[in-house]
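Since the structure comes first, as structure tokens, the remarks are kept for the end.
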Amino acid sequence: MQTAGVIAVQGDVAEHAAAIRRAAADHSESCEVETIRTAGTVPECDLLLVPGGESTTISRLLEREGIGEEIVEFVADGKPMLATCAGLIVASRDAKDDRVRTLDVLDVSVDRNAFGRQKDSFEAALDVEGLDAPFPAVFIRAPTIDEVGSGVDVLATVEGRPVAVRQDNVFATSFHPELTEDSRVHELAFFG
Ligand code: GLN
């Protein structure tokens, strides 16, 4: 039995928990899911998910509650983490916005809301390296990645811009993989 933690200061916590359980079941594993709002739980988890929301708010709460430093240690221990949308922004090295205290566990810099107003939200059938059929990716005021460190693999792009990346045990998407029934991204990040 593995323990998955979902950071629950904001975002689609229940949807991510369901996707993790489906992904585990597809691998004949069972997984209990802990929702995390305070320090102390992250170190007990085997897998960790940082959902979307508003990166300014999430990063402030992670810092205030002392969860941010636990996430940094979690990643340094080599355990798998999936960060989505605002989670990706928080995980990054640089969000070019002083209000976001990035954790610097993923060697990328991001542009918040990079797709602009006209493309605020959209869905795309996305080719993701490691998946054998396109993924129904939902983008909501999504960031893009504009600089990628040498240890980071780009797994998917939109208009030439990276939207899914992996650096060792850290997997990140600028879209919301929890919003469809398709749990292959959770599977790839945690059990792939
Ligand atoms: N635009 C948000 C931010 O900058 C992210 C949006 C999301 O997580 N869907 O934090």
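Residue names in the structure tokens use chain letters A, B, ... in the order shown, residue numbers from 1 in each chain, and ligand numbers from 1 in the order shown.
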> Which parts of stretch 30-181 of chain A does DSSP call strand (DSSP E) when run on the backbone here, written out as a ChimeraX atom specification?
Replying inline: /A:31-36,47-50,81-84,108-111,121-126,135-140,144-148,153-158,161-167,170-173
> Which polymer residues have any atom within 12 Å of an atom of A:Leu103, counting only C-alpha atoms, with same-chain residues fewer than 4 positions away left out, as a PyMOL selection string?
Replying inline: chain A and resi 50+55+58-60+62-63+66-76+83+87-95+107-109
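Using only C-alpha atoms, the shortest contact distance between A:Gly11 and any of A:Arg99, A:His176, A:Lys79, A:His186 is found at A:His176.
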> A:Ser174, A:Thr41, A:Thr102, A:Ser28: which is nearest A:Asp146, counting only C-alpha atoms?
Replying inline: A:Ser174
> Between A:Gly130, A:Pro80, A:Gly151, A:Pro177, which one has atoms that come closest to ligand 1, using only C-alpha atoms and all ligand atoms?
Replying inline: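 Ranking A:Gly130, A:Pro80, A:Gly151, A:Pro177 by distance to ligand 1, first place goes to A:Pro177.
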>> Taking only C-alpha atoms and all ligand atoms into account, list the residues no farther than 6 Å from ligand 1, as a VMD selection string.
In response: chain A and resid 52 to 55 85 to 86 112 to 113 140 to 142
> If you measure from atom CA of A:Glu65 to atom CA of A:Phe190, what distance in Å do you get, rounded to one decimal?
Replying inline: 25.3 Å
Can you pull out the residues contacting A:Glu129? Cut-off 12 Å, using only C-alpha atoms, and skip same-chain residues under 6 positions away; I want them as a PDB file with N, CA and C atoms, in the first residue's frame.
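Result file follows (around.pdb):
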ATOM      1  N   PHE A 135      -3.410  12.832 -25.525  1.00  0.00           N
ATOM      2  CA  PHE A 135      -4.045  13.044 -24.227  1.00  0.00           C
ATOM      3  C   PHE A 135      -4.984  14.250 -24.329  1.00  0.00           C
ATOM      4  N   ASP A 153      13.596  16.918 -19.515  1.00  0.00           N
ATOM      5  CA  ASP A 153      13.087  16.405 -20.790  1.00  0.00           C
ATOM      6  C   ASP A 153      11.751  17.066 -21.096  1.00  0.00           C
ATOM      7  N   VAL A 154      11.614  17.566 -22.309  1.00  0.00           N
ATOM      8  CA  VAL A 154      10.332  18.119 -22.760  1.00  0.00           C
ATOM      9  C   VAL A 154       9.513  16.986 -23.363  1.00  0.00           C
ATOM     10  N   LEU A 155       8.306  16.761 -22.828  1.00  0.00           N
ATOM     11  CA  LEU A 155       7.488  15.621 -23.251  1.00  0.00           C
ATOM     12  C   LEU A 155       6.323  16.039 -24.156  1.00  0.00           C
ATOM     13  N   ALA A 156       5.967  17.327 -24.143  1.00  0.00           N
ATOM     14  CA  ALA A 156       4.876  17.789 -25.003  1.00  0.00           C
ATOM     15  C   ALA A 156       5.024  19.286 -25.213  1.00  0.00           C
ATOM     16  N   THR A 157       4.571  19.758 -26.376  1.00  0.00           N
ATOM     17  CA  THR A 157       4.611  21.192 -26.658  1.00  0.00           C
ATOM     18  C   THR A 157       3.288  21.638 -27.292  1.00  0.00           C
ATOM     19  N   PRO A 162       7.014  24.291 -24.486  1.00  0.00           N
ATOM     20  CA  PRO A 162       6.876  23.100 -23.638  1.00  0.00           C
ATOM     21  C   PRO A 162       5.686  23.217 -22.673  1.00  0.00           C
ATOM     22  N   VAL A 163       4.881  22.167 -22.577  1.00  0.00           N
ATOM     23  CA  VAL A 163       3.741  22.147 -21.648  1.00  0.00           C
ATOM     24  C   VAL A 163       3.724  20.893 -20.773  1.00  0.00           C
ATOM     25  N   ALA A 164       4.655  19.981 -21.007  1.00  0.00           N
ATOM     26  CA  ALA A 164       4.823  18.830 -20.113  1.00  0.00           C
ATOM     27  C   ALA A 164       6.305  18.498 -20.080  1.00  0.00           C
ATOM     28  N   VAL A 165       6.848  18.375 -18.878  1.00  0.00           N
ATOM     29  CA  VAL A 165       8.283  18.128 -18.726  1.00  0.00           C
ATOM     30  C   VAL A 165       8.524  17.129 -17.606  1.00  0.00           C
ATOM     31  N   ARG A 166       9.710  16.538 -17.664  1.00  0.00           N
ATOM     32  CA  ARG A 166      10.113  15.638 -16.582  1.00  0.00           C
ATOM     33  C   ARG A 166      11.575  15.900 -16.261  1.00  0.00           C
ATOM     34  N   ARG A 184      -3.800   8.659 -17.582  1.00  0.00           N
ATOM     35  CA  ARG A 184      -2.483   8.205 -18.051  1.00  0.00           C
ATOM     36  C   ARG A 184      -1.331   9.127 -17.639  1.00  0.00           C
ATOM     37  N   VAL A 185      -1.597  10.430 -17.457  1.00  0.00           N
ATOM     38  CA  VAL A 185      -0.505  11.313 -17.029  1.00  0.00           C
ATOM     39  C   VAL A 185      -0.118  11.008 -15.577  1.00  0.00           C
ATOM     40  N   LEU A 188       1.879   7.856 -15.698  1.00  0.00           N
ATOM     41  CA  LEU A 188       3.242   8.055 -16.188  1.00  0.00           C
ATOM     42  C   LEU A 188       4.117   8.688 -15.096  1.00  0.00           C
ATOM     43  N   ALA A 189       3.542   9.658 -14.383  1.00  0.00           N
ATOM     44  CA  ALA A 189       4.311  10.378 -13.362  1.00  0.00           C
ATOM     45  C   ALA A 189       4.633   9.482 -12.165  1.00  0.00           C
ATOM     46  N   GLY A 192       4.929   4.975 -13.957  1.00  0.00           N
ATOM     47  CA  GLY A 192       5.422   4.686 -15.307  1.00  0.00           C
ATOM     48  C   GLY A 192       6.850   4.141 -15.336  1.00  0.00           C
TER      49      GLY A 192
END
Give me the residues near A:Phe115 as a CSV table (one decimal) with N, CA, C and O atoms, in the first residue's frame, where near means some atom within 12 Å (using only C-alpha atoms) and where sequence neighbours in that chain fewer than 4 positions away do not count.
chain,number,residue,atom,x,y,z
A,110,VAL,N,9.1,29.9,-16.0
A,110,VAL,CA,7.8,29.8,-16.6
A,110,VAL,C,7.2,31.3,-16.9
A,110,VAL,O,7.7,32.2,-16.2
A,111,ASP,N,6.3,31.3,-17.8
A,111,ASP,CA,5.6,32.5,-18.1
A,111,ASP,C,4.1,32.3,-17.6
A,111,ASP,O,3.5,31.4,-18.1
A,119,LYS,N,-6.9,33.0,-25.5
A,119,LYS,CA,-6.8,31.6,-25.4
A,119,LYS,C,-6.7,31.2,-23.9
A,119,LYS,O,-6.0,30.3,-23.5
A,120,ASP,N,-7.5,31.9,-23.1
A,120,ASP,CA,-7.6,31.7,-21.7
A,120,ASP,C,-7.7,30.2,-21.3
A,120,ASP,O,-6.9,29.7,-20.5
A,121,SER,N,-8.7,29.6,-21.9
A,121,SER,CA,-8.9,28.2,-21.7
A,121,SER,C,-9.1,27.5,-23.0
A,121,SER,O,-9.8,28.0,-23.9
A,122,PHE,N,-8.5,26.3,-23.1
A,122,PHE,CA,-8.8,25.5,-24.3
A,122,PHE,C,-8.4,24.1,-24.1
A,122,PHE,O,-7.8,23.8,-23.1
A,139,PHE,N,-6.4,23.2,-20.7
A,139,PHE,CA,-5.6,24.3,-20.3
A,139,PHE,C,-6.5,25.5,-19.7
A,139,PHE,O,-7.4,25.9,-20.4
A,140,ILE,N,-6.2,25.9,-18.5
A,140,ILE,CA,-6.9,27.0,-17.9
A,140,ILE,C,-6.0,28.1,-17.4
A,140,ILE,O,-5.2,27.8,-16.5
A,141,ARG,N,-6.0,29.2,-18.1
A,141,ARG,CA,-5.0,30.3,-17.7
A,141,ARG,C,-3.6,29.7,-17.5
A,141,ARG,O,-3.0,29.9,-16.5
A,142,ALA,N,-3.2,28.9,-18.4
A,142,ALA,CA,-2.1,28.0,-18.2
A,142,ALA,C,-0.7,28.8,-18.4
A,142,ALA,O,-0.7,29.7,-19.2
A,143,PRO,N,0.3,28.4,-17.7
A,143,PRO,CA,1.6,28.9,-17.9
A,143,PRO,C,2.3,28.1,-19.1
A,143,PRO,O,1.9,27.0,-19.4
A,144,THR,N,3.3,28.7,-19.7
A,144,THR,CA,4.2,27.9,-20.5
A,144,THR,C,5.6,28.0,-20.0
A,144,THR,O,5.9,28.9,-19.1
A,145,ILE,N,6.4,27.1,-20.4
A,145,ILE,CA,7.7,27.0,-20.0
A,145,ILE,C,8.6,27.7,-21.0
A,145,ILE,O,8.5,27.4,-22.2
A,158,VAL,N,3.0,22.9,-27.1
A,158,VAL,CA,1.9,23.6,-27.9
A,158,VAL,C,2.5,24.8,-28.5
A,158,VAL,O,3.1,25.6,-27.8
A,159,GLU,N,2.3,24.9,-29.8
A,159,GLU,CA,2.9,26.0,-30.6
A,159,GLU,C,4.4,26.2,-30.3
A,159,GLU,O,4.9,27.3,-30.1
A,161,ARG,N,5.9,25.6,-27.6
A,161,ARG,CA,6.3,25.9,-26.2
A,161,ARG,C,6.1,24.6,-25.3
A,161,ARG,O,5.0,24.0,-25.4
A,163,VAL,N,4.9,22.2,-22.6
A,163,VAL,CA,3.7,22.1,-21.6
A,163,VAL,C,3.7,20.9,-20.8
A,163,VAL,O,2.9,20.8,-19.9
A,174,SER,N,1.5,22.0,-17.7
A,174,SER,CA,0.9,23.3,-17.6
A,174,SER,C,-0.6,23.1,-17.8
A,174,SER,O,-1.4,24.0,-17.6
A,175,PHE,N,-1.1,21.9,-18.1
A,175,PHE,CA,-2.5,21.6,-18.3
A,175,PHE,C,-3.0,20.9,-17.0
A,175,PHE,O,-2.3,20.6,-16.1
In stretch 27-102 of chain A, what's alpha helix (DSSP H) per DSSP? Answer as a PDB file with N, CA, C and O atoms, in the first residue's frame?
ATOM      1  N   SER A  55      -1.015  30.463  -8.222  1.00  0.00           N
ATOM      2  CA  SER A  55       0.327  30.185  -7.710  1.00  0.00           C
ATOM      3  C   SER A  55       0.757  31.153  -6.612  1.00  0.00           C
ATOM      4  O   SER A  55       1.494  30.778  -5.697  1.00  0.00           O
ATOM      5  N   THR A  56       0.283  32.417  -6.683  1.00  0.00           N
ATOM      6  CA  THR A  56       0.648  33.372  -5.632  1.00  0.00           C
ATOM      7  C   THR A  56       0.114  32.884  -4.283  1.00  0.00           C
ATOM      8  O   THR A  56       0.840  32.853  -3.287  1.00  0.00           O
ATOM      9  N   THR A  57      -1.150  32.461  -4.263  1.00  0.00           N
ATOM     10  CA  THR A  57      -1.792  31.990  -3.028  1.00  0.00           C
ATOM     11  C   THR A  57      -1.157  30.688  -2.550  1.00  0.00           C
ATOM     12  O   THR A  57      -0.831  30.537  -1.367  1.00  0.00           O
ATOM     13  N   ILE A  58      -0.978  29.744  -3.466  1.00  0.00           N
ATOM     14  CA  ILE A  58      -0.434  28.435  -3.073  1.00  0.00           C
ATOM     15  C   ILE A  58       0.961  28.611  -2.485  1.00  0.00           C
ATOM     16  O   ILE A  58       1.274  28.068  -1.426  1.00  0.00           O
ATOM     17  N   SER A  59       1.798  29.390  -3.159  1.00  0.00           N
ATOM     18  CA  SER A  59       3.182  29.497  -2.682  1.00  0.00           C
ATOM     19  C   SER A  59       3.231  30.183  -1.319  1.00  0.00           C
ATOM     20  O   SER A  59       4.011  29.808  -0.449  1.00  0.00           O
ATOM     21  N   ARG A  60       2.343  31.155  -1.113  1.00  0.00           N
ATOM     22  CA  ARG A  60       2.332  31.841   0.177  1.00  0.00           C
ATOM     23  C   ARG A  60       1.932  30.883   1.302  1.00  0.00           C
ATOM     24  O   ARG A  60       2.556  30.835   2.359  1.00  0.00           O
ATOM     25  N   LEU A  61       0.896  30.082   1.041  1.00  0.00           N
ATOM     26  CA  LEU A  61       0.437  29.141   2.072  1.00  0.00           C
ATOM     27  C   LEU A  61       1.460  28.040   2.327  1.00  0.00           C
ATOM     28  O   LEU A  61       1.678  27.628   3.472  1.00  0.00           O
ATOM     29  N   LEU A  62       2.114  27.568   1.276  1.00  0.00           N
ATOM     30  CA  LEU A  62       3.132  26.520   1.463  1.00  0.00           C
ATOM     31  C   LEU A  62       4.263  27.043   2.344  1.00  0.00           C
ATOM     32  O   LEU A  62       4.768  26.335   3.215  1.00  0.00           O
ATOM     33  N   GLU A  63       4.620  28.301   2.112  1.00  0.00           N
ATOM     34  CA  GLU A  63       5.692  28.881   2.912  1.00  0.00           C
ATOM     35  C   GLU A  63       5.234  29.074   4.363  1.00  0.00           C
ATOM     36  O   GLU A  63       5.908  28.675   5.302  1.00  0.00           O
ATOM     37  N   ARG A  64       4.037  29.640   4.519  1.00  0.00           N
ATOM     38  CA  ARG A  64       3.527  29.945   5.865  1.00  0.00           C
ATOM     39  C   ARG A  64       3.382  28.685   6.708  1.00  0.00           C
ATOM     40  O   ARG A  64       3.693  28.668   7.896  1.00  0.00           O
ATOM     41  N   GLU A  65       2.907  27.601   6.090  1.00  0.00           N
ATOM     42  CA  GLU A  65       2.652  26.362   6.836  1.00  0.00           C
ATOM     43  C   GLU A  65       3.897  25.490   6.989  1.00  0.00           C
ATOM     44  O   GLU A  65       3.845  24.443   7.624  1.00  0.00           O
ATOM     45  N   ILE A  67       5.193  23.796   4.597  1.00  0.00           N
ATOM     46  CA  ILE A  67       5.070  22.635   3.708  1.00  0.00           C
ATOM     47  C   ILE A  67       6.087  22.729   2.565  1.00  0.00           C
ATOM     48  O   ILE A  67       6.589  21.732   2.071  1.00  0.00           O
ATOM     49  N   GLY A  68       6.408  23.969   2.180  1.00  0.00           N
ATOM     50  CA  GLY A  68       7.327  24.170   1.059  1.00  0.00           C
ATOM     51  C   GLY A  68       8.656  23.472   1.280  1.00  0.00           C
ATOM     52  O   GLY A  68       9.150  22.742   0.413  1.00  0.00           O
ATOM     53  N   GLU A  69       9.223  23.649   2.465  1.00  0.00           N
ATOM     54  CA  GLU A  69      10.534  23.018   2.710  1.00  0.00           C
ATOM     55  C   GLU A  69      10.418  21.494   2.756  1.00  0.00           C
ATOM     56  O   GLU A  69      11.350  20.788   2.378  1.00  0.00           O
ATOM     57  N   GLU A  70       9.265  20.996   3.183  1.00  0.00           N
ATOM     58  CA  GLU A  70       9.054  19.535   3.164  1.00  0.00           C
ATOM     59  C   GLU A  70       9.005  19.007   1.726  1.00  0.00           C
ATOM     60  O   GLU A  70       9.482  17.907   1.446  1.00  0.00           O
ATOM     61  N   ILE A  71       8.413  19.807   0.827  1.00  0.00           N
ATOM     62  CA  ILE A  71       8.358  19.387  -0.582  1.00  0.00           C
ATOM     63  C   ILE A  71       9.774  19.341  -1.168  1.00  0.00           C
ATOM     64  O   ILE A  71      10.133  18.414  -1.889  1.00  0.00           O
ATOM     65  N   VAL A  72      10.583  20.344  -0.827  1.00  0.00           N
ATOM     66  CA  VAL A  72      11.963  20.380  -1.325  1.00  0.00           C
ATOM     67  C   VAL A  72      12.714  19.116  -0.867  1.00  0.00           C
ATOM     68  O   VAL A  72      13.415  18.462  -1.656  1.00  0.00           O
ATOM     69  N   GLU A  73      12.532  18.726   0.389  1.00  0.00           N
ATOM     70  CA  GLU A  73      13.188  17.509   0.897  1.00  0.00           C
ATOM     71  C   GLU A  73      12.640  16.253   0.247  1.00  0.00           C
ATOM     72  O   GLU A  73      13.376  15.321  -0.051  1.00  0.00           O
ATOM     73  N   PHE A  74      11.325  16.234   0.036  1.00  0.00           N
ATOM     74  CA  PHE A  74      10.663  15.100  -0.614  1.00  0.00           C
ATOM     75  C   PHE A  74      11.291  14.838  -1.983  1.00  0.00           C
ATOM     76  O   PHE A  74      11.645  13.703  -2.328  1.00  0.00           O
ATOM     77  N   VAL A  75      11.469  15.911  -2.743  1.00  0.00           N
ATOM     78  CA  VAL A  75      12.046  15.776  -4.086  1.00  0.00           C
ATOM     79  C   VAL A  75      13.517  15.364  -3.988  1.00  0.00           C
ATOM     80  O   VAL A  75      13.981  14.502  -4.739  1.00  0.00           O
ATOM     81  N   ALA A  76      14.243  15.950  -3.031  1.00  0.00           N
ATOM     82  CA  ALA A  76      15.655  15.594  -2.868  1.00  0.00           C
ATOM     83  C   ALA A  76      15.824  14.128  -2.505  1.00  0.00           C
ATOM     84  O   ALA A  76      16.832  13.500  -2.835  1.00  0.00           O
ATOM     85  N   ALA A  86      -0.682  25.737 -11.807  1.00  0.00           N
ATOM     86  CA  ALA A  86      -0.055  26.585 -10.788  1.00  0.00           C
ATOM     87  C   ALA A  86       0.973  25.788  -9.978  1.00  0.00           C
ATOM     88  O   ALA A  86       1.962  26.349  -9.495  1.00  0.00           O
ATOM     89  N   GLY A  87       0.762  24.481  -9.844  1.00  0.00           N
ATOM     90  CA  GLY A  87       1.745  23.620  -9.169  1.00  0.00           C
ATOM     91  C   GLY A  87       3.085  23.645  -9.887  1.00  0.00           C
ATOM     92  O   GLY A  87       4.149  23.672  -9.256  1.00  0.00           O
ATOM     93  N   LEU A  88       3.031  23.629 -11.217  1.00  0.00           N
ATOM     94  CA  LEU A  88       4.250  23.737 -12.030  1.00  0.00           C
ATOM     95  C   LEU A  88       4.950  25.073 -11.776  1.00  0.00           C
ATOM     96  O   LEU A  88       6.176  25.140 -11.623  1.00  0.00           O
ATOM     97  N   ILE A  89       4.150  26.136 -11.695  1.00  0.00           N
ATOM     98  CA  ILE A  89       4.724  27.469 -11.450  1.00  0.00           C
ATOM     99  C   ILE A  89       5.450  27.475 -10.102  1.00  0.00           C
ATOM    100  O   ILE A  89       6.579  27.954  -9.982  1.00  0.00           O
ATOM    101  N   VAL A  90       4.810  26.915  -9.084  1.00  0.00           N
ATOM    102  CA  VAL A  90       5.381  26.881  -7.735  1.00  0.00           C
ATOM    103  C   VAL A  90       6.655  26.019  -7.702  1.00  0.00           C
ATOM    104  O   VAL A  90       7.628  26.339  -7.026  1.00  0.00           O
ATOM    105  N   ALA A  91       6.664  24.928  -8.461  1.00  0.00           N
ATOM    106  CA  ALA A  91       7.816  24.015  -8.464  1.00  0.00           C
ATOM    107  C   ALA A  91       9.020  24.587  -9.211  1.00  0.00           C
ATOM    108  O   ALA A  91      10.152  24.169  -8.994  1.00  0.00           O
TER     109      ALA A  91
END
